Amino acid sequence: MASEKRNGYRKNFSLILTFIVLMSVLFLLSLGLAYRFSTKYIENEFVSEKVNVLEESIKPYNDFFQKKLPEVSFYNGYLDSATAASFVDTVLLEYPFVSKVVFYDSEVSNTPVSDGLNIGKFSFGPKNIYQFGSLVPLDSVQLFSRNNTRNFIVGDDFNALGLKLVSYIESLDTTRVPGQDELFSNFSNVRSNKITYLNIPRLEDLKAYKHMMRNRLDANPVYQQDMLSFQLDPYKIKIVNTRPLLYQYIKIEPLTYDPLDTTEVYLSTEITLPGPFSDYKLYFISSKSFIEKEVFSYFLPIALALLLFYGIVVLVAFLIYRNLNINQKMFKLQYDFVNNLTHEFKTPVSVIKIAGNNIKSATVLTDRELKLYGKILDEEADKLNGLMNKLLAFTQIENKSIALNRDEIRIVDFMESTVEAHRLKHPDFDFTYEVSGFKTFVTDPVLLGSLFDNLAENAYKYSPAERKKLHISARLIKGKVVFRFADQGIGIPASEINNIFKKFFRIQNQYNQNGSVGLGLAFCKELVNFMKGEITVRSKVNKGTEFKIVLPYND
């Protein structure tokens, strides 16, 4: 049976070990795939996240184009060099990518101008032109004045937007109100690194301009129409790196920029800048060793999740292995219990059957034979009855189906009767006892007697012939009754100490091959628990064993 047990354990261990090895291989493969997936994901992020960097980086430009430029129209064309300088100063301070601004102090009239545009009675030309630079924003440089001999060069930003204005007025439908987007797009001109903006006139002024083109005005009206041209420097755009662990370097380069280093150890991508910066691009480059941190930060949660799953699987495998061993052990214990119980019943039953057959087959029985057979039948019946009572009592105590009696006993008398009973049963049993600290004791005498009998029988059974000794001491210590049962038997191995109070458990030795169902000490444990006490054991192999029982004392 021990060999079968070991083989069963080895088989269970081999199966579980094979399962854990397979799960470990799967775990390692999963980690590899997860790392590869994380690498691919980060590489895709490297390509897609550039849009967010672009959006964050050009936010100041969008703010300038959508909010700051329309402020020019708030002045209704009445900007002069001083107010223009103040306006440009705020622009240069808030938007570093604006490097230079040219201010056209211009007007629309029906009087022809030598510098500007003349269509019918519609004339559009500058009175003065000023330039503001980022180095001296509060000062201005006058580039043109109608009152001196300087000529205005045809074909510059002024004429380009002037032609756009004329084209819009010619196609204007005066019966409807134009939308803001329509006006904004027709009164601004976006070119490479430059935005030219003309203040948007009122609808009444636009109608007057259209009448001028059709030669329908006899008066000499004059309308102020300011224009500003903003020179932009794309290299002064502040790059906002929204993913510093992903992008190692971000630069602004011309569209024609071709990097010299194109080795496989680097990742690179690019995206074109919008509007007036469309000749330039954001160029992103990172070494693969640099983005490994980002890969690892994405991979780590996945790895932890896989590790948790692997840990759960290993734990489940361990629990299955443990349960298989426990079930196998319980099966063995129950198998041994049935075998031992069968043997325990078989012996007295066989003796009773033999005695019965002898009585039945004998024609005449002498008085001596009648007494002998009567004694045999009586003793064997007592053995069967005792075994049945023990099993029944164990079950009742375990299920707490009996009540605990509370009788006062004289402890010396109780121990004397116990000692005498065992001396009669085992004349070679050296039985001693001592009592100190109390005389009477309130307890259940039947259950206490069962405790004494079981521990005494164990002491006799598991002691060599020359050391069949048992000493029982009873002391009152700190309000508790402490019994100690010390023998000089074969002792209990340290590896078995934690198992001796388990049901059906038997230590395999030369003293315990037959005649035990493994219930004695388990029965004692249940008895002590039922009596609200504690039982412990100390033992040394080949030296002896001491059981200590602590019970509540009630004087």
# chains A, B, ... in the order shown; residues from 1 in each chain; ligands from 1

$ residues_around --residues "Tyr462 of chain A" --least-positions-apart "2" --cutoff "8 Å" --atoms "only C-alpha atoms" --output "ChimeraX atom specification"
/A:458-460,464,489-491,511

$ residues_around --residues "Tyr41 of chain A" --least-positions-apart "6" --cutoff "12 Å" --atoms "only C-alpha atoms" --output "PDB file with all heavy atoms, in the first residue's frame"
ATOM      1  N   LEU A  33       5.097  37.297 -27.411  1.00  0.00           N
ATOM      2  CA  LEU A  33       4.108  37.890 -28.305  1.00  0.00           C
ATOM      3  C   LEU A  33       3.639  39.241 -27.787  1.00  0.00           C
ATOM      4  O   LEU A  33       3.426  40.187 -28.572  1.00  0.00           O
ATOM      5  CB  LEU A  33       2.917  36.936 -28.456  1.00  0.00           C
ATOM      6  CG  LEU A  33       3.189  35.636 -29.225  1.00  0.00           C
ATOM      7  CD1 LEU A  33       1.959  34.725 -29.183  1.00  0.00           C
ATOM      8  CD2 LEU A  33       3.556  35.940 -30.677  1.00  0.00           C
ATOM      9  N   ALA A  34       3.477  39.346 -26.463  1.00  0.00           N
ATOM     10  CA  ALA A  34       3.047  40.621 -25.882  1.00  0.00           C
ATOM     11  C   ALA A  34       4.093  41.705 -26.102  1.00  0.00           C
ATOM     12  O   ALA A  34       3.759  42.857 -26.411  1.00  0.00           O
ATOM     13  CB  ALA A  34       2.769  40.445 -24.393  1.00  0.00           C
ATOM     14  N   TYR A  35       5.378  41.330 -25.965  1.00  0.00           N
ATOM     15  CA  TYR A  35       6.433  42.326 -26.201  1.00  0.00           C
ATOM     16  C   TYR A  35       6.472  42.734 -27.674  1.00  0.00           C
ATOM     17  O   TYR A  35       6.643  43.919 -27.997  1.00  0.00           O
ATOM     18  CB  TYR A  35       7.779  41.759 -25.775  1.00  0.00           C
ATOM     19  CG  TYR A  35       8.896  42.771 -25.855  1.00  0.00           C
ATOM     20  CD1 TYR A  35       9.068  43.711 -24.841  1.00  0.00           C
ATOM     21  CD2 TYR A  35       9.756  42.809 -26.944  1.00  0.00           C
ATOM     22  CE1 TYR A  35      10.074  44.658 -24.912  1.00  0.00           C
ATOM     23  CE2 TYR A  35      10.763  43.748 -27.031  1.00  0.00           C
ATOM     24  CZ  TYR A  35      10.922  44.671 -26.006  1.00  0.00           C
ATOM     25  OH  TYR A  35      11.913  45.609 -26.085  1.00  0.00           O
ATOM     26  N   VAL A  47       3.981  56.820 -35.521  1.00  0.00           N
ATOM     27  CA  VAL A  47       3.505  57.395 -36.772  1.00  0.00           C
ATOM     28  C   VAL A  47       2.246  58.233 -36.565  1.00  0.00           C
ATOM     29  O   VAL A  47       2.091  59.304 -37.166  1.00  0.00           O
ATOM     30  CB  VAL A  47       3.238  56.275 -37.807  1.00  0.00           C
ATOM     31  CG1 VAL A  47       2.628  56.844 -39.079  1.00  0.00           C
ATOM     32  CG2 VAL A  47       4.521  55.527 -38.123  1.00  0.00           C
ATOM     33  N   SER A  48       1.341  57.783 -35.693  1.00  0.00           N
ATOM     34  CA  SER A  48       0.038  58.451 -35.562  1.00  0.00           C
ATOM     35  C   SER A  48       0.046  59.635 -34.599  1.00  0.00           C
ATOM     36  O   SER A  48      -0.697  60.598 -34.786  1.00  0.00           O
ATOM     37  CB  SER A  48      -1.021  57.435 -35.119  1.00  0.00           C
ATOM     38  OG  SER A  48      -0.685  56.883 -33.852  1.00  0.00           O
ATOM     39  N   GLU A  49       0.883  59.593 -33.583  1.00  0.00           N
ATOM     40  CA  GLU A  49       0.865  60.651 -32.567  1.00  0.00           C
ATOM     41  C   GLU A  49       1.432  61.974 -33.064  1.00  0.00           C
ATOM     42  O   GLU A  49       1.317  62.995 -32.396  1.00  0.00           O
ATOM     43  CB  GLU A  49       1.631  60.199 -31.322  1.00  0.00           C
ATOM     44  CG  GLU A  49       0.866  59.249 -30.429  1.00  0.00           C
ATOM     45  CD  GLU A  49      -0.351  59.914 -29.807  1.00  0.00           C
ATOM     46  OE1 GLU A  49      -0.214  61.002 -29.238  1.00  0.00           O
ATOM     47  OE2 GLU A  49      -1.442  59.331 -29.919  1.00  0.00           O
ATOM     48  N   LEU A 246       8.384  59.192 -26.580  1.00  0.00           N
ATOM     49  CA  LEU A 246       8.215  58.574 -27.897  1.00  0.00           C
ATOM     50  C   LEU A 246       9.083  59.257 -28.946  1.00  0.00           C
ATOM     51  O   LEU A 246       9.685  58.592 -29.786  1.00  0.00           O
ATOM     52  CB  LEU A 246       6.738  58.633 -28.298  1.00  0.00           C
ATOM     53  CG  LEU A 246       6.314  57.844 -29.540  1.00  0.00           C
ATOM     54  CD1 LEU A 246       6.583  56.358 -29.344  1.00  0.00           C
ATOM     55  CD2 LEU A 246       4.834  58.079 -29.825  1.00  0.00           C
ATOM     56  N   ILE A 291      13.068  54.528 -27.601  1.00  0.00           N
ATOM     57  CA  ILE A 291      11.642  54.245 -27.411  1.00  0.00           C
ATOM     58  C   ILE A 291      11.404  52.913 -26.703  1.00  0.00           C
ATOM     59  O   ILE A 291      10.262  52.536 -26.466  1.00  0.00           O
ATOM     60  CB  ILE A 291      10.874  54.260 -28.749  1.00  0.00           C
ATOM     61  CG1 ILE A 291      11.346  53.133 -29.667  1.00  0.00           C
ATOM     62  CG2 ILE A 291      11.001  55.600 -29.427  1.00  0.00           C
ATOM     63  CD1 ILE A 291      10.493  52.996 -30.906  1.00  0.00           C
ATOM     64  N   GLU A 292      12.491  52.205 -26.364  1.00  0.00           N
ATOM     65  CA  GLU A 292      12.312  50.960 -25.621  1.00  0.00           C
ATOM     66  C   GLU A 292      11.648  51.216 -24.264  1.00  0.00           C
ATOM     67  O   GLU A 292      10.903  50.373 -23.758  1.00  0.00           O
ATOM     68  CB  GLU A 292      13.659  50.262 -25.412  1.00  0.00           C
ATOM     69  CG  GLU A 292      14.127  49.488 -26.651  1.00  0.00           C
ATOM     70  CD  GLU A 292      15.443  48.779 -26.406  1.00  0.00           C
ATOM     71  OE1 GLU A 292      16.002  48.929 -25.294  1.00  0.00           O
ATOM     72  OE2 GLU A 292      15.917  48.088 -27.326  1.00  0.00           O
ATOM     73  N   GLU A 294       9.346  53.432 -23.666  1.00  0.00           N
ATOM     74  CA  GLU A 294       7.919  53.552 -23.940  1.00  0.00           C
ATOM     75  C   GLU A 294       7.314  52.187 -24.242  1.00  0.00           C
ATOM     76  O   GLU A 294       6.197  51.886 -23.824  1.00  0.00           O
ATOM     77  CB  GLU A 294       7.699  54.505 -25.118  1.00  0.00           C
ATOM     78  CG  GLU A 294       6.256  54.882 -25.370  1.00  0.00           C
ATOM     79  CD  GLU A 294       5.724  55.878 -24.362  1.00  0.00           C
ATOM     80  OE1 GLU A 294       6.430  56.208 -23.381  1.00  0.00           O
ATOM     81  OE2 GLU A 294       4.586  56.321 -24.530  1.00  0.00           O
ATOM     82  N   VAL A 295       8.072  51.359 -24.957  1.00  0.00           N
ATOM     83  CA  VAL A 295       7.610  49.993 -25.240  1.00  0.00           C
ATOM     84  C   VAL A 295       7.443  49.227 -23.932  1.00  0.00           C
ATOM     85  O   VAL A 295       6.436  48.548 -23.710  1.00  0.00           O
ATOM     86  CB  VAL A 295       8.606  49.264 -26.171  1.00  0.00           C
ATOM     87  CG1 VAL A 295       8.232  47.788 -26.308  1.00  0.00           C
ATOM     88  CG2 VAL A 295       8.630  49.925 -27.537  1.00  0.00           C
ATOM     89  N   PHE A 296       8.426  49.372 -23.054  1.00  0.00           N
ATOM     90  CA  PHE A 296       8.375  48.647 -21.779  1.00  0.00           C
ATOM     91  C   PHE A 296       7.228  49.149 -20.907  1.00  0.00           C
ATOM     92  O   PHE A 296       6.561  48.351 -20.238  1.00  0.00           O
ATOM     93  CB  PHE A 296       9.702  48.811 -21.040  1.00  0.00           C
ATOM     94  CG  PHE A 296       9.781  48.011 -19.769  1.00  0.00           C
ATOM     95  CD1 PHE A 296       9.993  46.640 -19.806  1.00  0.00           C
ATOM     96  CD2 PHE A 296       9.633  48.623 -18.536  1.00  0.00           C
ATOM     97  CE1 PHE A 296      10.052  45.904 -18.633  1.00  0.00           C
ATOM     98  CE2 PHE A 296       9.691  47.897 -17.364  1.00  0.00           C
ATOM     99  CZ  PHE A 296       9.906  46.525 -17.412  1.00  0.00           C
ATOM    100  N   SER A 297       6.980  50.470 -20.904  1.00  0.00           N
ATOM    101  CA  SER A 297       5.882  51.007 -20.091  1.00  0.00           C
ATOM    102  C   SER A 297       4.533  50.495 -20.577  1.00  0.00           C
ATOM    103  O   SER A 297       3.598  50.347 -19.791  1.00  0.00           O
ATOM    104  CB  SER A 297       5.900  52.540 -20.122  1.00  0.00           C
ATOM    105  OG  SER A 297       5.634  53.014 -21.428  1.00  0.00           O
ATOM    106  N   TYR A 298       4.412  50.226 -21.872  1.00  0.00           N
ATOM    107  CA  TYR A 298       3.170  49.650 -22.410  1.00  0.00           C
ATOM    108  C   TYR A 298       3.127  48.150 -22.183  1.00  0.00           C
ATOM    109  O   TYR A 298       2.075  47.571 -21.912  1.00  0.00           O
ATOM    110  CB  TYR A 298       3.070  49.961 -23.902  1.00  0.00           C
ATOM    111  CG  TYR A 298       1.761  49.535 -24.525  1.00  0.00           C
ATOM    112  CD1 TYR A 298       0.623  50.312 -24.415  1.00  0.00           C
ATOM    113  CD2 TYR A 298       1.659  48.335 -25.226  1.00  0.00           C
ATOM    114  CE1 TYR A 298      -0.582  49.918 -24.971  1.00  0.00           C
ATOM    115  CE2 TYR A 298       0.455  47.930 -25.781  1.00  0.00           C
ATOM    116  CZ  TYR A 298      -0.656  48.732 -25.657  1.00  0.00           C
ATOM    117  OH  TYR A 298      -1.847  48.338 -26.209  1.00  0.00           O
ATOM    118  N   PHE A 299       4.316  47.515 -22.251  1.00  0.00           N
ATOM    119  CA  PHE A 299       4.386  46.061 -22.114  1.00  0.00           C
ATOM    120  C   PHE A 299       4.202  45.614 -20.672  1.00  0.00           C
ATOM    121  O   PHE A 299       3.649  44.541 -20.411  1.00  0.00           O
ATOM    122  CB  PHE A 299       5.742  45.583 -22.650  1.00  0.00           C
ATOM    123  CG  PHE A 299       6.101  44.173 -22.286  1.00  0.00           C
ATOM    124  CD1 PHE A 299       5.451  43.096 -22.881  1.00  0.00           C
ATOM    125  CD2 PHE A 299       7.075  43.913 -21.330  1.00  0.00           C
ATOM    126  CE1 PHE A 299       5.780  41.787 -22.534  1.00  0.00           C
ATOM    127  CE2 PHE A 299       7.401  42.620 -20.987  1.00  0.00           C
ATOM    128  CZ  PHE A 299       6.758  41.558 -21.594  1.00  0.00           C
TER     129      PHE A 299
END

$ residues_around --residues "segment 98-105 of chain A" --least-positions-apart "3" --cutoff "6 Å" --atoms "only C-alpha atoms" --output "list in words"
Leu92, Tyr95, Pro126, Lys127, Asn128, Ile129, Tyr130, Gln131, Phe132, Gly133, Ser134, Asp226, Met227, Leu228, Ser229, Phe230, Gln231 and Leu232 of chain A

$ write_last_selection --atoms "C-alpha atoms" --output "mmCIF file, in the first residue's frame"
data_model
loop_
_atom_site.group_PDB
_atom_site.id
_atom_site.type_symbol
_atom_site.label_atom_id
_atom_site.label_comp_id
_atom_site.auth_asym_id
_atom_site.auth_seq_id
_atom_site.Cartn_x
_atom_site.Cartn_y
_atom_site.Cartn_z
ATOM 1 C CA LEU A 92 5.257 90.243 -31.846
ATOM 2 C CA TYR A 95 3.456 85.207 -31.393
ATOM 3 C CA PRO A 126 -1.724 103.569 -49.950
ATOM 4 C CA LYS A 127 -1.062 106.891 -48.319
ATOM 5 C CA ASN A 128 1.794 105.571 -46.193
ATOM 6 C CA ILE A 129 3.588 102.280 -45.722
ATOM 7 C CA TYR A 130 5.368 101.374 -42.465
ATOM 8 C CA GLN A 131 7.487 98.407 -41.527
ATOM 9 C CA PHE A 132 7.743 96.990 -37.987
ATOM 10 C CA GLY A 133 10.439 94.506 -37.105
ATOM 11 C CA SER A 134 10.812 92.101 -34.174
ATOM 12 C CA ASP A 226 -6.031 99.467 -43.697
ATOM 13 C CA MET A 227 -3.943 96.460 -44.696
ATOM 14 C CA LEU A 228 -1.257 94.530 -42.762
ATOM 15 C CA SER A 229 1.196 91.988 -44.127
ATOM 16 C CA PHE A 230 2.710 89.585 -41.588
ATOM 17 C CA GLN A 231 6.038 87.940 -42.391
ATOM 18 C CA LEU A 232 6.241 84.527 -40.632
#

$ residues_around --residues "segment 117-121 of chain A" --least-positions-apart "2" --cutoff "7 Å" --atoms "only C-alpha atoms" --output "number ranges by chain"
A: 110-113, 123-125, 212-215

$ residues_around --residues "segment 266-279 of chain A" --least-positions-apart "3" --cutoff "6 Å" --atoms "only C-alpha atoms" --output "list in words"
Val190, Arg191, Ser192, Asn193, Lys194, Leu255, Leu282, Tyr283, Phe284, Ile285, Ser286, Ser287 and Lys288 of chain A

$ closest_residue --among "A:Tyr168, A:Leu198, A:Val53, A:Asp173" --to "Leu79 of chain A" --atoms "only C-alpha atoms"
A:Leu198

$ atom_distance --atom1 "atom CA of Arg410 of chain A" --atom2 "atom CA of Asp444 of chain A"
12.2 Å

$ residues_around --residues "Pro178 of chain A" --least-positions-apart "2" --cutoff "12 Å" --atoms "only C-alpha atoms" --output "VMD selection string"
chain A and resid 168 to 169 171 to 176 180 to 186 200 to 204 206 to 207

$ atom_distance --atom1 "atom CA of Lys236 of chain A" --atom2 "atom CA of Tyr280 of chain A"
12.3 Å

$ residues_around --residues "segment 531-544 of chain A" --least-positions-apart "2" --cutoff "9 Å" --atoms "only C-alpha atoms" --output "list of chain:residue names"
A:Leu404, A:Thr443, A:Asp444, A:Leu447, A:Leu448, A:Ser463, A:Ala486, A:Asp487, A:Gln488, A:Gly489, A:Ile490, A:Gly491, A:Ile492, A:Pro493, A:Ala494, A:Ile497, A:Cys524, A:Lys525, A:Glu526, A:Leu527, A:Val528, A:Asn529, A:Glu546, A:Phe547, A:Lys548, A:Ile549, A:Val550, A:Leu551, A:Pro552

$ select_by_dssp --residues "segment 51-138 of chain A" --states "helix (DSSP H, G or I)" --output "MDAnalysis selection string"
chainID A and resid 51:57 59:75 81:94

$ write_last_selection --atoms "N, CA and C atoms" --output "mmCIF file, in the first residue's frame"
data_model
loop_
_atom_site.group_PDB
_atom_site.id
_atom_site.type_symbol
_atom_site.label_atom_id
_atom_site.label_comp_id
_atom_site.auth_asym_id
_atom_site.auth_seq_id
_atom_site.Cartn_x
_atom_site.Cartn_y
_atom_site.Cartn_z
ATOM 1 N N VAL A 51 0.286 63.769 -35.272
ATOM 2 C CA VAL A 51 -0.832 64.696 -35.496
ATOM 3 C C VAL A 51 -1.093 65.521 -34.242
ATOM 4 N N ASN A 52 -1.033 64.875 -33.067
ATOM 5 C CA ASN A 52 -1.243 65.602 -31.820
ATOM 6 C C ASN A 52 -0.137 66.619 -31.576
ATOM 7 N N VAL A 53 1.103 66.235 -31.898
ATOM 8 C CA VAL A 53 2.214 67.177 -31.750
ATOM 9 C C VAL A 53 2.003 68.385 -32.656
ATOM 10 N N LEU A 54 1.584 68.125 -33.897
ATOM 11 C CA LEU A 54 1.324 69.222 -34.833
ATOM 12 C C LEU A 54 0.219 70.128 -34.311
ATOM 13 N N GLU A 55 -0.876 69.536 -33.845
ATOM 14 C CA GLU A 55 -1.993 70.349 -33.361
ATOM 15 C C GLU A 55 -1.592 71.220 -32.177
ATOM 16 N N GLU A 56 -0.832 70.648 -31.242
ATOM 17 C CA GLU A 56 -0.412 71.426 -30.082
ATOM 18 C C GLU A 56 0.596 72.500 -30.468
ATOM 19 N N SER A 57 1.471 72.185 -31.432
ATOM 20 C CA SER A 57 2.507 73.143 -31.817
ATOM 21 C C SER A 57 1.941 74.335 -32.586
ATOM 22 N N LYS A 59 -1.129 75.535 -32.291
ATOM 23 C CA LYS A 59 -2.215 76.232 -31.599
ATOM 24 C C LYS A 59 -1.997 77.747 -31.565
ATOM 25 N N PRO A 60 -0.780 78.250 -31.268
ATOM 26 C CA PRO A 60 -0.580 79.703 -31.303
ATOM 27 C C PRO A 60 -0.862 80.305 -32.678
ATOM 28 N N TYR A 61 -0.463 79.590 -33.749
ATOM 29 C CA TYR A 61 -0.745 80.105 -35.095
ATOM 30 C C TYR A 61 -2.250 80.156 -35.347
ATOM 31 N N ASN A 62 -2.977 79.089 -34.956
ATOM 32 C CA ASN A 62 -4.433 79.093 -35.148
ATOM 33 C C ASN A 62 -5.087 80.216 -34.354
ATOM 34 N N ASP A 63 -4.596 80.440 -33.155
ATOM 35 C CA ASP A 63 -5.119 81.549 -32.349
ATOM 36 C C ASP A 63 -4.845 82.887 -33.032
ATOM 37 N N PHE A 64 -3.634 83.029 -33.573
ATOM 38 C CA PHE A 64 -3.280 84.256 -34.286
ATOM 39 C C PHE A 64 -4.159 84.454 -35.520
ATOM 40 N N PHE A 65 -4.366 83.401 -36.289
ATOM 41 C CA PHE A 65 -5.097 83.516 -37.547
ATOM 42 C C PHE A 65 -6.595 83.709 -37.321
ATOM 43 N N GLN A 66 -7.143 83.021 -36.327
ATOM 44 C CA GLN A 66 -8.594 83.046 -36.138
ATOM 45 C C GLN A 66 -9.070 84.144 -35.195
ATOM 46 N N LYS A 67 -8.189 84.625 -34.294
ATOM 47 C CA LYS A 67 -8.629 85.600 -33.296
ATOM 48 C C LYS A 67 -7.908 86.944 -33.407
ATOM 49 N N LYS A 68 -6.582 86.892 -33.599
ATOM 50 C CA LYS A 68 -5.826 88.151 -33.598
ATOM 51 C C LYS A 68 -6.000 88.929 -34.891
ATOM 52 N N LEU A 69 -5.937 88.230 -36.030
ATOM 53 C CA LEU A 69 -6.075 88.931 -37.323
ATOM 54 C C LEU A 69 -7.402 89.678 -37.442
ATOM 55 N N PRO A 70 -8.541 89.073 -37.087
ATOM 56 C CA PRO A 70 -9.808 89.806 -37.226
ATOM 57 C C PRO A 70 -9.882 91.085 -36.390
ATOM 58 N N GLU A 71 -8.984 91.245 -35.402
ATOM 59 C CA GLU A 71 -9.008 92.471 -34.611
ATOM 60 C C GLU A 71 -8.684 93.701 -35.456
ATOM 61 N N VAL A 72 -8.006 93.488 -36.578
ATOM 62 C CA VAL A 72 -7.697 94.622 -37.463
ATOM 63 C C VAL A 72 -8.973 95.320 -37.892
ATOM 64 N N SER A 73 -10.041 94.535 -38.107
ATOM 65 C CA SER A 73 -11.308 95.114 -38.569
ATOM 66 C C SER A 73 -11.984 95.949 -37.495
ATOM 67 N N PHE A 74 -11.597 95.771 -36.229
ATOM 68 C CA PHE A 74 -12.228 96.557 -35.164
ATOM 69 C C PHE A 74 -11.916 98.056 -35.294
ATOM 70 N N TYR A 75 -10.789 98.381 -35.974
ATOM 71 C CA TYR A 75 -10.397 99.799 -36.109
ATOM 72 C C TYR A 75 -11.102 100.493 -37.284
ATOM 73 N N SER A 81 0.137 105.157 -37.674
ATOM 74 C CA SER A 81 1.417 104.515 -37.363
ATOM 75 C C SER A 81 1.539 104.192 -35.878
ATOM 76 N N ALA A 82 1.007 105.050 -35.020
ATOM 77 C CA ALA A 82 1.134 104.827 -33.575
ATOM 78 C C ALA A 82 0.268 103.657 -33.115
ATOM 79 N N THR A 83 -1.020 103.679 -33.494
ATOM 80 C CA THR A 83 -1.903 102.583 -33.091
ATOM 81 C C THR A 83 -1.493 101.268 -33.752
ATOM 82 N N ALA A 84 -1.016 101.364 -34.992
ATOM 83 C CA ALA A 84 -0.532 100.153 -35.666
ATOM 84 C C ALA A 84 0.684 99.580 -34.946
ATOM 85 N N ALA A 85 1.593 100.491 -34.496
ATOM 86 C CA ALA A 85 2.778 100.036 -33.767
ATOM 87 C C ALA A 85 2.375 99.339 -32.477
ATOM 88 N N SER A 86 1.363 99.886 -31.778
ATOM 89 C CA SER A 86 0.900 99.263 -30.541
ATOM 90 C C SER A 86 0.294 97.890 -30.806
ATOM 91 N N PHE A 87 -0.505 97.796 -31.865
ATOM 92 C CA PHE A 87 -1.127 96.515 -32.217
ATOM 93 C C PHE A 87 -0.066 95.485 -32.595
ATOM 94 N N VAL A 88 0.902 95.903 -33.419
ATOM 95 C CA VAL A 88 1.952 94.988 -33.867
ATOM 96 C C VAL A 88 2.825 94.546 -32.696
ATOM 97 N N ASP A 89 3.018 95.455 -31.736
ATOM 98 C CA ASP A 89 3.832 95.112 -30.572
ATOM 99 C C ASP A 89 3.251 93.920 -29.817
ATOM 100 N N THR A 90 1.935 93.932 -29.615
ATOM 101 C CA THR A 90 1.295 92.787 -28.936
ATOM 102 C C THR A 90 1.417 91.517 -29.762
ATOM 103 N N VAL A 91 1.326 91.665 -31.079
ATOM 104 C CA VAL A 91 1.454 90.492 -31.950
ATOM 105 C C VAL A 91 2.845 89.884 -31.831
ATOM 106 N N LEU A 92 3.887 90.738 -31.891
ATOM 107 C CA LEU A 92 5.257 90.243 -31.846
ATOM 108 C C LEU A 92 5.595 89.604 -30.500
ATOM 109 N N LEU A 93 4.986 90.129 -29.440
ATOM 110 C CA LEU A 93 5.249 89.565 -28.114
ATOM 111 C C LEU A 93 4.530 88.239 -27.894
ATOM 112 N N GLU A 94 3.293 88.148 -28.383
ATOM 113 C CA GLU A 94 2.494 86.943 -28.162
ATOM 114 C C GLU A 94 2.816 85.833 -29.154
#

$ select_by_dssp --residues "segment 155-360 of chain A" --states "strand (DSSP E)" --output "JSON, numbers by chain"
{"A": [188, 189, 190, 191, 194, 195, 196, 197, 198, 222, 223, 224, 225, 226, 227, 228, 229, 230, 231, 232, 249, 250, 251, 252, 253, 254, 266, 267, 268, 269, 270, 271, 272, 280, 281, 282, 283, 284, 285, 286, 287]}

$ decode --residues "segment 41-50 of chain A" --atoms "N, CA, C and O atoms" --output "mmCIF file, in the first residue's frame"
data_model
loop_
_atom_site.group_PDB
_atom_site.id
_atom_site.type_symbol
_atom_site.label_atom_id
_atom_site.label_comp_id
_atom_site.auth_asym_id
_atom_site.auth_seq_id
_atom_site.Cartn_x
_atom_site.Cartn_y
_atom_site.Cartn_z
ATOM 1 N N TYR A 41 2.833 48.242 -31.537
ATOM 2 C CA TYR A 41 1.876 49.273 -31.145
ATOM 3 C C TYR A 41 2.574 50.621 -30.975
ATOM 4 O O TYR A 41 2.088 51.652 -31.446
ATOM 5 N N ILE A 42 3.728 50.627 -30.307
ATOM 6 C CA ILE A 42 4.461 51.879 -30.096
ATOM 7 C C ILE A 42 4.977 52.421 -31.427
ATOM 8 O O ILE A 42 4.982 53.645 -31.652
ATOM 9 N N GLU A 43 5.400 51.534 -32.320
ATOM 10 C CA GLU A 43 5.836 52.003 -33.636
ATOM 11 C C GLU A 43 4.675 52.638 -34.398
ATOM 12 O O GLU A 43 4.852 53.648 -35.104
ATOM 13 N N ASN A 44 3.477 52.069 -34.284
ATOM 14 C CA ASN A 44 2.301 52.691 -34.894
ATOM 15 C C ASN A 44 1.969 54.019 -34.221
ATOM 16 O O ASN A 44 1.571 54.988 -34.884
ATOM 17 N N GLU A 45 2.113 54.051 -32.890
ATOM 18 C CA GLU A 45 1.911 55.305 -32.165
ATOM 19 C C GLU A 45 2.914 56.366 -32.631
ATOM 20 O O GLU A 45 2.579 57.541 -32.707
ATOM 21 N N PHE A 46 4.126 55.919 -32.927
ATOM 22 C CA PHE A 46 5.154 56.846 -33.402
ATOM 23 C C PHE A 46 4.703 57.541 -34.682
ATOM 24 O O PHE A 46 4.980 58.729 -34.889
ATOM 25 N N VAL A 47 3.981 56.820 -35.521
ATOM 26 C CA VAL A 47 3.505 57.395 -36.772
ATOM 27 C C VAL A 47 2.246 58.233 -36.565
ATOM 28 O O VAL A 47 2.091 59.304 -37.166
ATOM 29 N N SER A 48 1.341 57.783 -35.693
ATOM 30 C CA SER A 48 0.038 58.451 -35.562
ATOM 31 C C SER A 48 0.046 59.635 -34.599
ATOM 32 O O SER A 48 -0.697 60.598 -34.786
ATOM 33 N N GLU A 49 0.883 59.593 -33.583
ATOM 34 C CA GLU A 49 0.865 60.651 -32.567
ATOM 35 C C GLU A 49 1.432 61.974 -33.064
ATOM 36 O O GLU A 49 1.317 62.995 -32.396
ATOM 37 N N LYS A 50 2.063 61.960 -34.253
ATOM 38 C CA LYS A 50 2.616 63.214 -34.787
ATOM 39 C C LYS A 50 1.519 64.251 -35.040
ATOM 40 O O LYS A 50 1.774 65.456 -35.004
#
